[in-house]
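A.B. asks: Before we start, here is the structure in question, set down as structure tokens.
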Amino acid sequence: DTGVSQDPRHKITKRGQNVTFRCDPISEHNRLYWYRQTLGQGPEFLTYFQNEAQLEKSRLLSDRFSAERPKGSFSTLEIQRTEQGDSAMYLCASSLAMGRAYNSPLHFGNGTRLTVT
Amino acid sequence: GQQVMQIPQYQHVQEGEDFTTYCNSSTTLSNIQWYKQRPGGHPVFLIQLVKSGEVKKQKRLTFQFGEAKKNSSLHITATQTTDVGTYFCAGFLNSGYALNFGKGTSLLVTP
């Protein structure tokens with residue numbers, strides 16, 4: 001399977017702990033997105049990378065959230081001092097950039113479900 | 001917050017009935033994409049519309065992009081139980097890289 005993979009699938013943590021999620025995009029894709037989805041809602045944009053550069057970050061993202069994409073390959077999303085409101089499905093998606101004139105489809109991973117107790 | 005709105009939030013139909021979901025944006029979209037998410041699954045790309053007034057068909061699914069590029073619709077003819085899931089529209093605003101999703105329309109089809 002050469003799709004987008006995310007690890008772990010599930011994470012249960014206590015409030016105040018730090019957590020880190022990993023995303024491995026489709027190998028030739030240079031764009032990588034992180035989204036958060038809660039029950040009954042659409043995916044909410046968190047941040048976007050083109051290669052290793054983080055080009056956009058949601059204004060809703062607090063400073064407890066940080067994402068990296070070293071060398072433009074896999075990406076990590078870290079949440080520090082987790083709160084119960086952080087409980088959600090965290091989705092990673094990748095796509096192949098073909099210039100600003102055309103936006104390629106996003107390919108999503110299966111997500112990491114975070115539960116903060 | 002989300003700048004792409006979808007209605008209805010839920011739709012329950014009998015198998016064989018038609019279904020339509022509508023998507024509206026407060027700002028002009030450079031293009032619009034539609035995704036389907038099955039229960040317990042992740043969003044899967046269906047189609048992208050780019051041109052003003054564009055209409056595309058995929059078997060029983062018809063997608064339209066409004067003339068002003070601020071609205072779109074998805075119409076399913078003669079629904080089947082395999083159509084069950086949540087349908088999302090998502091748009092790129094002219095100024096950004098973020099793909100903004102609507103809240104989706106959840107479709108339930110009973111045989």
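Chain labels A, B, ... are given in the sequence in which chains occur in the structure tokens; within each chain residues are numbered consecutively from 1, and ligands are likewise numbered from 1 in the order shown.
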Would you tabulate, counting only C-alpha atoms, all residues of chain B that have an atom at most 12 Å from an atom of chain A, showing the closest pair of atoms and their distance in Å to one decimal, sorted by chain then ascending number, as a tab-separated table?

C.D. replies:
residue	atom	partner	partner_atom	distance
B:Gly1	CA	A:Leu60	CA	8.0
B:Gln2	CA	A:Glu44	CA	7.5
B:Gln3	CA	A:Glu44	CA	10.7
B:Val4	CA	A:Gly42	CA	10.0
B:Met5	CA	A:Gly42	CA	10.3
B:Gln6	CA	A:Gly42	CA	10.1
B:Gln9	CA	A:Gly40	CA	9.0
B:Tyr10	CA	A:Gly40	CA	10.1
B:Leu29	CA	A:Asn103	CA	11.8
B:Ser30	CA	A:Ala101	CA	8.6
B:Asn31	CA	A:Asn103	CA	8.0
B:Ile32	CA	A:Asn103	CA	9.3
B:Gln33	CA	A:Pro105	CA	7.6
B:Trp34	CA	A:Pro105	CA	9.4
B:Tyr35	CA	A:Leu106	CA	9.3
B:Lys36	CA	A:Gly42	CA	10.9
B:Gln37	CA	A:Gly42	CA	9.9
B:Arg38	CA	A:Asn110	CA	11.7
B:Pro39	CA	A:Leu39	CA	10.9
B:Gly40	CA	A:Asn110	CA	9.1
B:Gly41	CA	A:Asn110	CA	6.8
B:His42	CA	A:Asn110	CA	5.7
B:Pro43	CA	A:Phe108	CA	6.4
B:Val44	CA	A:His107	CA	7.0
B:Phe45	CA	A:Pro105	CA	6.3
B:Leu46	CA	A:Pro105	CA	8.7
B:Ile47	CA	A:Pro105	CA	8.1
B:Gln48	CA	A:Pro105	CA	7.6
B:Leu49	CA	A:Asn103	CA	10.3
B:Val50	CA	A:Tyr102	CA	8.4
B:Lys51	CA	A:Tyr102	CA	11.3
B:Gly85	CA	A:Gly40	CA	11.7
B:Thr86	CA	A:Gly42	CA	9.2
B:Tyr87	CA	A:Gly42	CA	9.4
B:Phe88	CA	A:Gly42	CA	7.1
B:Cys89	CA	A:Gly42	CA	9.2
B:Ala90	CA	A:Gly42	CA	9.3
B:Gly91	CA	A:Asn103	CA	10.0
B:Phe92	CA	A:Asn103	CA	8.3
B:Leu93	CA	A:Asn103	CA	11.3
B:Asn94	CA	A:Arg100	CA	9.8
B:Ser95	CA	A:Arg100	CA	10.4
B:Gly96	CA	A:Glu56	CA	7.8
B:Tyr97	CA	A:Glu56	CA	6.9
B:Ala98	CA	A:Phe45	CA	6.6
B:Leu99	CA	A:Phe45	CA	7.1
B:Asn100	CA	A:Phe45	CA	6.6
B:Phe101	CA	A:Gly42	CA	5.8
B:Gly102	CA	A:Gly42	CA	5.7
B:Lys103	CA	A:Gly42	CA	4.2
B:Gly104	CA	A:Gly42	CA	6.0
B:Thr105	CA	A:Gly40	CA	9.4
B:Ser106	CA	A:Gly40	CA	8.7

A.B. asks: List every residue of segment 8-111 of chain B that DSSP, applied to the backbone of this structure, assigns to strand (DSSP E or B), and report them as a count of residues only.

C.D. replies: 60

A.B. asks: Please list as a list in words every residue within 6 Å of segment 71-75 of chain B, counting only C-alpha atoms and excluding residues in the same chain fewer than 6 positions away.

C.D. replies: Phe19, Thr20, Thr21, Tyr22, Cys23, Asn24, Leu61, Thr62, Phe63, Gln64 and Phe65 of chain B

A.B. asks: Mind writing the picked residues with C-alpha atoms as a short mmCIF file (atom, residue, chain, number, x, y, z; two decimals), in the first residue's frame?

C.D. replies:
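The new file part.cif reads:
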data_model
loop_
_atom_site.label_atom_id
_atom_site.label_comp_id
_atom_site.auth_asym_id
_atom_site.auth_seq_id
_atom_site.Cartn_x
_atom_site.Cartn_y
_atom_site.Cartn_z
CA PHE B 19 -30.45 13.40 -3.41
CA THR B 20 -28.95 16.87 -3.66
CA THR B 21 -26.51 18.71 -1.41
CA TYR B 22 -25.67 22.39 -1.78
CA CYS B 23 -22.47 24.22 -1.04
CA ASN B 24 -22.07 27.99 -0.62
CA LEU B 61 -23.52 11.80 -9.75
CA THR B 62 -23.79 15.29 -11.27
CA PHE B 63 -21.63 18.15 -10.01
CA GLN B 64 -22.18 21.83 -10.79
CA PHE B 65 -20.11 24.95 -10.14
#

A.B. asks: May I ask for the distance between atom CA of Ile12 of chain A and atom CA of Lys71 of chain A, given in Å to one decimal place?

C.D. replies: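 Result for atom CA of Ile12 of chain A versus atom CA of Lys71 of chain A: 29.1 Å, one decimal.
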
A.B. asks: So which one's closest to Glu28 of chain A, A:Glu78, A:Leu114, A:Pro8, A:Ser95? Using only C-alpha atoms, please.

C.D. replies: A:Ser95

A.B. asks: What's around Gln14 of chain B at 8 Å? Count only C-alpha atoms, leave out sequence neighbours fewer than 6 positions away in its own chain, and write the answer as a list of chain:residue names.

C.D. replies: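 Near Gln14 of chain B, the qualifying residues are B:Thr79, B:Val109, B:Thr110, B:Pro111.
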
A.B. asks: What would the file look like if the residues just selected were written as a PDB file, in the first residue's frame with C-alpha atoms?

C.D. replies:
ATOM      1  CA  THR B  79     -29.611   6.532  -4.752  1.00  0.00           C
ATOM      2  CA  VAL B 109     -30.174   5.428   2.278  1.00  0.00           C
ATOM      3  CA  THR B 110     -32.609   2.778   3.432  1.00  0.00           C
ATOM      4  CA  PRO B 111     -33.555  -0.143   1.186  1.00  0.00           C
TER       5      PRO B 111
END

A.B. asks: Atom CA of Ser87 of chain A and atom CA of Ser25 of chain B are how many Å apart?

C.D. replies: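 For atom CA of Ser87 of chain A relative to atom CA of Ser25 of chain B, the distance reads 27.9 Å.
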
A.B. asks: Calculate how many Å separate atom CA of Gly3 of chain A from atom CA of Phe74 of chain A, rounding to one decimal.

C.D. replies: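 Distance between the two atoms: 12.7 Å.
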